[in-house]
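S.K.: This is start.txt, which holds compact mmCIF, C-alpha atoms and all ligand atoms:
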```
# COMPACT_ATOMS: atom_id res chain seq x y z
CA MET N 28 4.92 -114.30 50.37
CA ASN N 29 2.31 -111.54 50.06
CA GLU N 30 -0.28 -112.04 52.79
CA ASN N 31 -2.89 -109.80 51.17
CA PHE N 32 -4.08 -112.24 48.54
CA LYS N 33 -4.04 -115.87 47.43
CA VAL N 34 -3.40 -116.85 43.82
CA LEU N 35 -6.10 -119.14 42.40
CA SER N 36 -5.36 -122.02 40.02
CA ASN N 37 -6.11 -119.76 37.02
CA GLY N 38 -3.70 -117.06 38.23
CA VAL N 39 -6.40 -114.70 39.53
CA LYS N 40 -5.55 -112.95 42.82
CA MET N 41 -8.18 -113.32 45.54
CA PRO N 42 -7.97 -111.11 48.67
CA SER N 43 -7.03 -113.23 51.69
CA ILE N 44 -9.94 -111.97 53.81
CA GLY N 45 -13.47 -111.23 52.62
CA PHE N 46 -16.46 -109.36 53.96
CA GLY N 47 -19.45 -111.67 54.62
CA THR N 48 -22.91 -110.21 54.10
CA TYR N 49 -25.50 -112.86 55.06
CA LYS N 50 -28.25 -111.03 57.04
CA SER N 51 -26.65 -107.66 56.31
CA GLY N 52 -30.01 -105.86 56.56
CA ASN N 53 -32.06 -103.94 53.99
CA ASP N 54 -30.60 -102.33 50.86
CA GLU N 55 -29.79 -99.10 52.63
CA GLU N 56 -28.12 -100.78 55.61
CA THR N 57 -26.23 -103.14 53.29
CA ALA N 58 -24.98 -100.32 51.08
CA LYS N 59 -23.81 -98.41 54.16
CA ILE N 60 -21.74 -101.26 55.63
CA VAL N 61 -20.33 -102.36 52.26
CA LYS N 62 -19.23 -98.80 51.64
CA TYR N 63 -17.65 -98.71 55.10
CA ALA N 64 -15.91 -102.08 54.65
CA LEU N 65 -14.45 -100.95 51.32
CA LYS N 66 -13.39 -97.62 52.78
CA ILE N 67 -11.33 -99.25 55.54
CA GLY N 68 -9.66 -101.75 53.22
CA TYR N 69 -11.74 -104.89 52.56
CA ARG N 70 -11.45 -105.76 48.88
CA GLN N 71 -13.49 -108.98 48.74
CA ILE N 72 -17.27 -108.86 49.19
CA ASP N 73 -19.19 -112.14 49.58
CA THR N 74 -22.88 -112.22 48.72
CA ALA N 75 -25.43 -114.65 47.19
CA SER N 76 -28.70 -114.31 45.34
CA PHE N 77 -30.24 -116.14 48.33
CA TYR N 78 -29.25 -113.30 50.70
CA GLY N 79 -31.60 -110.88 48.90
CA ASN N 80 -29.04 -108.08 49.32
CA GLU N 81 -27.37 -107.89 45.90
CA VAL N 82 -28.95 -104.50 45.12
CA GLY N 83 -27.63 -103.05 48.39
CA ILE N 84 -24.19 -104.54 47.70
CA GLY N 85 -24.16 -103.00 44.21
CA ASN N 86 -25.21 -99.62 45.60
CA GLY N 87 -22.48 -99.79 48.27
CA ILE N 88 -19.84 -100.58 45.66
CA LYS N 89 -20.95 -97.68 43.46
CA GLU N 90 -21.14 -95.24 46.38
CA SER N 91 -17.68 -96.30 47.65
CA GLY N 92 -16.02 -94.64 44.66
CA ILE N 93 -13.52 -97.51 44.53
CA ASN N 94 -12.69 -98.79 41.04
CA ARG N 95 -14.60 -101.89 40.09
CA GLU N 96 -11.37 -103.67 39.09
CA ASP N 97 -9.97 -103.20 42.59
CA ILE N 98 -12.89 -105.09 44.15
CA PHE N 99 -13.25 -108.88 44.22
CA LEU N 100 -16.98 -109.55 44.08
CA VAL N 101 -18.37 -113.00 44.88
CA THR N 102 -21.95 -114.18 44.41
CA LYS N 103 -23.68 -117.56 44.31
CA LEU N 104 -26.23 -119.59 42.38
CA TRP N 105 -29.18 -120.63 44.54
CA ASN N 106 -30.64 -124.17 44.75
CA ASP N 107 -33.75 -123.38 42.65
CA ASP N 108 -31.65 -122.26 39.70
CA HIS N 109 -29.65 -125.38 38.83
CA GLY N 110 -29.49 -126.64 35.23
CA TYR N 111 -27.81 -125.01 32.21
CA ASP N 112 -30.42 -122.46 31.09
CA LYS N 113 -31.59 -121.55 34.57
CA THR N 114 -28.01 -120.93 35.65
CA ILE N 115 -27.39 -118.46 32.82
CA LYS N 116 -30.65 -116.66 33.62
CA ALA N 117 -29.93 -116.51 37.36
CA PHE N 118 -26.41 -115.25 36.70
CA ASN N 119 -27.69 -112.41 34.50
CA LYS N 120 -30.20 -111.42 37.18
CA SER N 121 -27.39 -111.26 39.76
CA LEU N 122 -25.35 -109.07 37.41
CA GLU N 123 -28.33 -106.76 37.01
CA ARG N 124 -29.02 -106.49 40.74
CA LEU N 125 -25.34 -105.95 41.50
CA GLN N 126 -25.16 -103.35 38.70
CA VAL N 127 -21.86 -104.68 37.37
CA ASP N 128 -20.84 -106.26 34.07
CA TYR N 129 -18.73 -109.08 35.50
CA ILE N 130 -18.36 -111.14 38.69
CA ASP N 131 -14.96 -112.06 40.09
CA LEU N 132 -16.07 -115.41 41.49
CA TYR N 133 -19.35 -117.21 40.85
CA LEU N 134 -20.11 -120.10 43.19
CA VAL N 135 -22.59 -123.00 43.22
CA HIS N 136 -24.22 -122.42 46.63
CA TRP N 137 -25.03 -126.07 47.47
CA PRO N 138 -24.40 -129.37 45.65
CA ASN N 139 -27.30 -130.64 43.56
CA LYS N 140 -28.06 -133.63 41.37
CA LEU N 141 -27.75 -131.28 38.37
CA ASN N 142 -24.17 -130.28 39.34
CA SER N 143 -22.72 -131.48 36.04
CA GLU N 144 -25.17 -129.49 33.82
CA THR N 145 -24.95 -126.43 36.03
CA TRP N 146 -21.19 -126.59 35.90
CA LYS N 147 -21.24 -126.56 32.07
CA ALA N 148 -23.02 -123.19 32.32
CA PHE N 149 -20.39 -122.01 34.81
CA GLU N 150 -17.65 -123.02 32.36
CA TYR N 151 -19.47 -121.18 29.57
CA LEU N 152 -19.78 -118.01 31.70
CA TYR N 153 -16.10 -118.27 32.57
CA LYS N 154 -15.14 -118.55 28.90
CA THR N 155 -17.20 -115.45 28.01
CA GLY N 156 -15.20 -113.46 30.59
CA LYS N 157 -18.32 -112.43 32.50
CA VAL N 158 -16.94 -114.42 35.44
CA LYS N 159 -13.25 -114.25 36.25
CA SER N 160 -13.21 -117.43 38.40
CA ILE N 161 -15.67 -120.22 39.17
CA GLY N 162 -16.15 -122.39 42.20
CA VAL N 163 -18.49 -124.24 44.53
CA CYS N 164 -19.67 -124.18 48.12
CA ASN N 165 -20.43 -126.98 50.52
CA PHE N 166 -18.97 -129.65 48.24
CA LYS N 167 -17.53 -132.76 49.85
CA VAL N 168 -14.61 -134.65 48.31
CA ALA N 169 -17.05 -137.08 46.64
CA HIS N 170 -18.94 -134.20 44.94
CA LEU N 171 -15.66 -132.81 43.63
CA GLU N 172 -14.49 -136.22 42.44
CA GLU N 173 -17.81 -136.75 40.65
CA LEU N 174 -17.56 -133.34 38.99
CA LYS N 175 -14.05 -134.22 37.79
CA LYS N 176 -15.57 -136.85 35.50
CA THR N 177 -17.44 -134.27 33.38
CA ALA N 178 -15.76 -130.93 34.04
CA GLN N 179 -13.36 -129.30 31.60
CA ILE N 180 -12.30 -126.76 34.22
CA MET N 181 -12.22 -127.70 37.90
CA PRO N 182 -13.53 -125.29 40.57
CA MET N 183 -10.95 -122.78 41.70
CA VAL N 184 -12.59 -122.38 45.10
CA ASN N 185 -14.62 -124.44 47.59
CA GLN N 186 -16.38 -122.34 50.24
CA ILE N 187 -17.38 -124.42 53.27
CA GLU N 188 -18.08 -124.02 56.97
CA ILE N 189 -14.76 -123.96 58.83
CA HIS N 190 -13.90 -122.79 62.34
CA PRO N 191 -11.84 -124.28 65.16
CA GLN N 192 -14.62 -126.68 66.18
CA SER N 193 -14.84 -128.03 62.62
CA SER N 194 -11.46 -127.51 60.99
CA LYS N 195 -12.03 -129.83 57.98
CA ASN N 196 -8.42 -131.01 57.81
CA ASP N 197 -9.11 -133.73 55.23
CA MET N 198 -10.76 -131.23 52.88
CA LEU N 199 -7.85 -128.84 53.43
CA SER N 200 -5.36 -131.54 52.34
CA TYR N 201 -7.53 -132.52 49.36
CA CYS N 202 -7.78 -128.89 48.22
CA GLU N 203 -4.03 -128.37 48.60
CA GLU N 204 -3.39 -131.46 46.44
CA ASN N 205 -5.96 -130.38 43.82
CA ASN N 206 -5.10 -126.67 43.74
CA ILE N 207 -8.50 -125.55 45.02
CA GLN N 208 -8.60 -122.54 47.36
CA LEU N 209 -10.62 -123.13 50.54
CA VAL N 210 -12.81 -120.31 51.87
CA ALA N 211 -14.29 -120.47 55.37
CA TRP N 212 -17.89 -119.44 56.01
CA SER N 213 -19.01 -118.80 59.60
CA PRO N 214 -15.26 -118.42 60.23
CA ILE N 215 -15.72 -117.11 63.79
CA MET N 216 -18.53 -119.61 64.43
CA ARG N 217 -20.97 -116.72 64.91
CA GLY N 218 -19.34 -115.94 68.25
CA LYS N 219 -19.85 -119.40 69.75
CA LEU N 220 -16.21 -119.73 70.90
CA PHE N 221 -16.05 -116.39 72.66
CA SER N 222 -16.42 -117.93 76.14
CA ASN N 223 -13.97 -120.77 75.47
CA GLU N 224 -11.19 -120.76 78.11
CA LEU N 225 -8.45 -121.69 75.66
CA MET N 226 -9.43 -118.91 73.30
CA ILE N 227 -9.66 -116.40 76.17
CA GLY N 228 -6.09 -117.35 77.17
CA LEU N 229 -4.76 -116.91 73.63
CA ALA N 230 -6.52 -113.55 73.26
CA GLU N 231 -4.79 -112.36 76.45
CA LYS N 232 -1.43 -113.73 75.32
CA TYR N 233 -1.48 -111.97 71.91
CA LYS N 234 -3.41 -108.90 73.11
CA LYS N 235 -5.95 -109.50 70.37
CA THR N 236 -9.65 -110.34 70.46
CA ILE N 237 -10.86 -113.93 70.11
CA ALA N 238 -12.32 -113.07 66.68
CA GLN N 239 -8.87 -111.86 65.57
CA ILE N 240 -7.13 -114.98 66.94
CA ILE N 241 -9.53 -117.23 65.03
CA LEU N 242 -9.27 -115.21 61.81
CA ARG N 243 -5.47 -115.30 62.07
CA TRP N 244 -5.64 -119.12 62.56
CA HIS N 245 -7.52 -119.34 59.23
CA LEU N 246 -4.94 -117.18 57.43
CA GLN N 247 -2.02 -119.22 58.72
CA ARG N 248 -3.72 -122.43 57.57
CA GLY N 249 -3.98 -120.94 54.07
CA VAL N 250 -7.77 -120.57 54.27
CA ILE N 251 -9.63 -117.36 53.33
CA PRO N 252 -12.09 -116.28 56.08
CA ILE N 253 -15.13 -114.14 55.22
CA PRO N 254 -16.41 -112.80 58.58
CA LYS N 255 -19.71 -110.92 58.59
CA SER N 256 -20.48 -107.93 60.75
CA SER N 257 -22.91 -105.03 60.59
CA ASN N 258 -21.02 -103.10 63.26
CA GLU N 259 -18.30 -100.66 62.22
CA GLU N 260 -15.99 -101.40 65.18
CA ARG N 261 -16.22 -105.15 64.61
CA ILE N 262 -15.81 -104.78 60.82
CA LYS N 263 -12.55 -102.93 61.54
CA GLU N 264 -11.50 -105.40 64.25
CA ASN N 265 -11.90 -108.36 61.88
CA LEU N 266 -9.58 -106.80 59.31
CA ASN N 267 -6.88 -106.01 61.84
CA ILE N 268 -5.16 -109.41 61.70
CA PHE N 269 -2.07 -108.72 59.64
CA ASP N 270 0.17 -107.36 62.42
CA PHE N 271 0.76 -110.51 64.46
CA GLU N 272 1.50 -114.20 64.03
CA LEU N 273 0.36 -117.23 66.01
CA SER N 274 3.10 -119.67 66.96
CA ASN N 275 2.91 -123.17 65.47
CA ASP N 276 2.28 -124.54 68.96
CA ASP N 277 -0.69 -122.21 69.46
CA ILE N 278 -2.10 -123.21 66.08
CA LYS N 279 -1.86 -126.84 67.16
CA THR N 280 -3.57 -125.98 70.44
CA ILE N 281 -6.47 -124.35 68.58
CA ASP N 282 -6.63 -127.46 66.36
CA LEU N 283 -7.44 -129.48 69.51
CA LEU N 284 -10.88 -127.83 69.57
CA ASN N 285 -11.85 -129.72 66.40
CA GLU N 286 -14.91 -131.91 66.99
CA GLY N 287 -15.29 -133.16 63.43
CA ASP N 288 -16.93 -132.40 60.10
CA ASN N 289 -20.51 -132.52 61.31
CA VAL N 290 -20.32 -129.70 63.85
CA SER N 291 -22.29 -126.82 62.33
CA VAL N 292 -23.66 -123.44 63.40
CA SER N 293 -26.48 -123.63 60.87
CA GLY N 294 -28.59 -126.35 59.31
CA VAL N 295 -28.63 -127.31 55.66
CA PRO N 296 -31.33 -125.45 53.62
CA GLU N 297 -34.50 -127.53 53.19
CA ASN N 298 -34.24 -127.88 49.41
CA THR N 299 -30.67 -129.19 49.51
CA THR N 300 -31.06 -132.85 48.70
CA TYR N 301 -27.70 -133.81 47.31
CA LEU N 302 -25.57 -134.32 50.37
CA LYS N 303 -25.72 -138.13 50.23
CA PHE N 304 -21.94 -138.51 50.33
N1 LIG A 401 -21.70 -120.68 51.21
C1 LIG A 401 -22.51 -120.86 52.21
O1 LIG A 401 -23.29 -121.83 52.24
C2 LIG A 401 -22.49 -119.89 53.35
C3 LIG A 401 -23.19 -120.19 54.53
C4 LIG A 401 -23.16 -119.28 55.57
C5 LIG A 401 -22.43 -118.09 55.44
N2 LIG A 401 -21.78 -117.80 54.28
C6 LIG A 401 -21.00 -116.53 54.12
O2 LIG A 401 -20.04 -116.45 55.17
C7 LIG A 401 -20.21 -115.22 55.88
C8 LIG A 401 -19.80 -115.36 57.32
O3 LIG A 401 -20.53 -116.36 57.98
P1 LIG A 401 -21.63 -116.05 59.12
O4 LIG A 401 -22.20 -114.71 58.86
O5 LIG A 401 -22.55 -117.21 59.15
O6 LIG A 401 -20.82 -116.11 60.48
P2 LIG A 401 -19.56 -115.38 61.16
O7 LIG A 401 -18.90 -114.45 60.23
O8 LIG A 401 -18.74 -116.47 61.79
O9 LIG A 401 -20.23 -114.59 62.37
C9 LIG A 401 -21.05 -113.48 62.16
C10 LIG A 401 -21.68 -113.11 63.49
O10 LIG A 401 -20.66 -112.78 64.45
C11 LIG A 401 -20.80 -111.41 64.88
N3 LIG A 401 -19.47 -110.82 64.83
C12 LIG A 401 -18.74 -110.52 63.73
N4 LIG A 401 -17.53 -110.06 64.07
C13 LIG A 401 -17.49 -110.05 65.42
C14 LIG A 401 -16.49 -109.67 66.37
N5 LIG A 401 -15.31 -109.20 65.98
N6 LIG A 401 -16.79 -109.80 67.70
C15 LIG A 401 -17.99 -110.26 68.09
N7 LIG A 401 -18.97 -110.65 67.24
C16 LIG A 401 -18.71 -110.55 65.91
C17 LIG A 401 -21.76 -110.75 63.91
O11 LIG A 401 -22.59 -109.83 64.57
P3 LIG A 401 -22.61 -108.25 64.18
O12 LIG A 401 -23.07 -108.18 62.75
O13 LIG A 401 -23.57 -107.67 65.14
O14 LIG A 401 -21.20 -107.76 64.36
C18 LIG A 401 -22.60 -111.93 63.40
O15 LIG A 401 -23.67 -112.17 64.28
C19 LIG A 401 -21.70 -114.92 55.67
O16 LIG A 401 -22.05 -113.60 56.03
C20 LIG A 401 -21.85 -115.26 54.20
O17 LIG A 401 -21.32 -114.22 53.40
C21 LIG A 401 -21.78 -118.70 53.24
```
Can you give me the file's structure in the form of structure tokens?
M.R.:
Amino acid sequence: MNENFKVLSNGVKMPSIGFGTYKSGNDEETAKIVKYALKIGYRQIDTASFYGNEVGIGNGIKESGINREDIFLVTKLWNDDHGYDKTIKAFNKSLERLQVDYIDLYLVHWPNKLNSETWKAFEYLYKTGKVKSIGVCNFKVAHLEELKKTAQIMPMVNQIEIHPQSSKNDMLSYCEENNIQLVAWSPIMRGKLFSNELMIGLAEKYKKTIAQIILRWHLQRGVIPIPKSSNEERIKENLNIFDFELSNDDIKTIDLLNEGDNVSVSGVPENTTYLKF
């Protein structure tokens, strides 16, 4: 099995680690780190219209000199832009800011009562070829089941918060059964596990950093992590996870840190009202 990418339900190859960019800084700083990340080998860049950094991301991609078709670019539809027409408009604005003519993966950022209408626009964009894959973020099983009733094409990806303290095993099983690729945001829990004794022990055992142990845990569970860093050493460190393997026992030990679905490093945005499930 090739560890460098996962194959989505529509056959598209998605790199098995991505570069997160939430709070990546101003356009200049963003362009600089995106260019660096691409230079050292990241091929998936995760952004969102909400992050306000799409122009910087687009500049970084252009300045990198790497062919557009070798980069897997992900962006997201923000909460204010749900509904068919607004989705199309918001998508075109993202394209413009990113200075590209297609997106590899377009995601609904948070569930919304207009999910079904919004999704019709996603399906339309997918059919036009302007988006190579479509997906959602922060959807629970009930949101996905509800979408199933009206969707012609099911999401290829669900991007949710996953880290050892919230490993979302039920969602992982559901996604495996339904051929949906899981992507982990806040994959290293924004550093919150770096003083955990168990993690310190594993880092010593494998001669890797705690960030690398956690990112490797994601890979071996079949989940795509998208760690963010604005520091060149740490950007490199986070990519250096393909030269070792955690034993099944150690994976199970890390699983013991799970405290359930509601453990979160960040709150839900104020205008997200559709999390009733
Ligand atoms: N769909 C959604 O709703 C959603 C929500 C949140 C995030 N996301 C996406 O997921 C990405 C990742 O999540 P995140 O940014 O919240 O959290 P994260 O990747 O778990 O952690 C990022 C934080 O950890 C630090 N860090 C990174 N690598 C490190 C290392 N090797 N050693 C020590 N510290 C390290 C970074 O600081 P430095 O920059 O100083 O290195 C930053 O403060 C985001 O950037 C965004 O693209 C999506």
S.K.: Taking into account only C-alpha atoms, which residue in the set N:Thr280, N:Asn37, N:Ser43, N:Asn139 is nearest to Met183 (chain N)?
M.R.: N:Asn37
S.K.: Could you please extract the residues within 6 Å of ligand LIG 401 (chain A), counting only C-alpha atoms and all ligand atoms, and hand them back as a list in words?
M.R.: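 So the residues close to ligand LIG 401 (chain A) are Gly47, Thr48, Tyr49, Asp73, Thr74, His136, Cys164, Gln186, Trp212, Ser213, Pro214, Ile215, Met216, Arg217, Gly218, Ala238, Ile253, Pro254, Lys255, Ser256, Ser257, Asn258, Arg261, Glu264 and Asn265 of chain N.
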S.K.: Measuring between all atoms listed in the file, which one of N:Leu35, N:Ala58, N:Ala64, N:Ala117 shows the shortest distance to Glu260 (chain N)?
M.R.: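 The closest residue to Glu260 (chain N) is N:Ala64.
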S.K.: Find, counting all atoms listed in the file, the residue in N:Val168, N:Leu266, N:Leu134, N:Ile281 that gets nearest to Gly228 (chain N).
M.R.: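 Smallest separation from Gly228 (chain N) among the options: N:Ile281.
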S.K.: Here is a test: counting all atoms listed in the file, which residue of N:Leu122, N:Ile88, N:Val250, N:Leu229 is nearest to Ala75 (chain N)?
M.R.: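 Closest residue, counting all atoms listed in the file: N:Leu122.
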S.K.: Which residue is closest to Asp197 (chain N)? Choose from N:Leu132, N:Glu286, N:Thr114, N:Lys167 and count only C-alpha atoms.
M.R.: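 Going through N:Leu132, N:Glu286, N:Thr114, N:Lys167 one by one, the smallest distance to Asp197 (chain N) is for N:Lys167.
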S.K.: Could you check which residues have any atom within 7 Å of (-9.0, -112.8, 54.1), counting all atoms listed in the file with coordinates taken straight from the file, and then list them as an MDAnalysis selection string?
M.R.: chainID N and resid 42:45 246 251:253
S.K.: Would you mind telling me which residue in N:Ser51, N:Asn289, N:Thr102, N:Ser143 lies nearest to Ile161 (chain N) when using all atoms listed in the file?
M.R.: N:Thr102
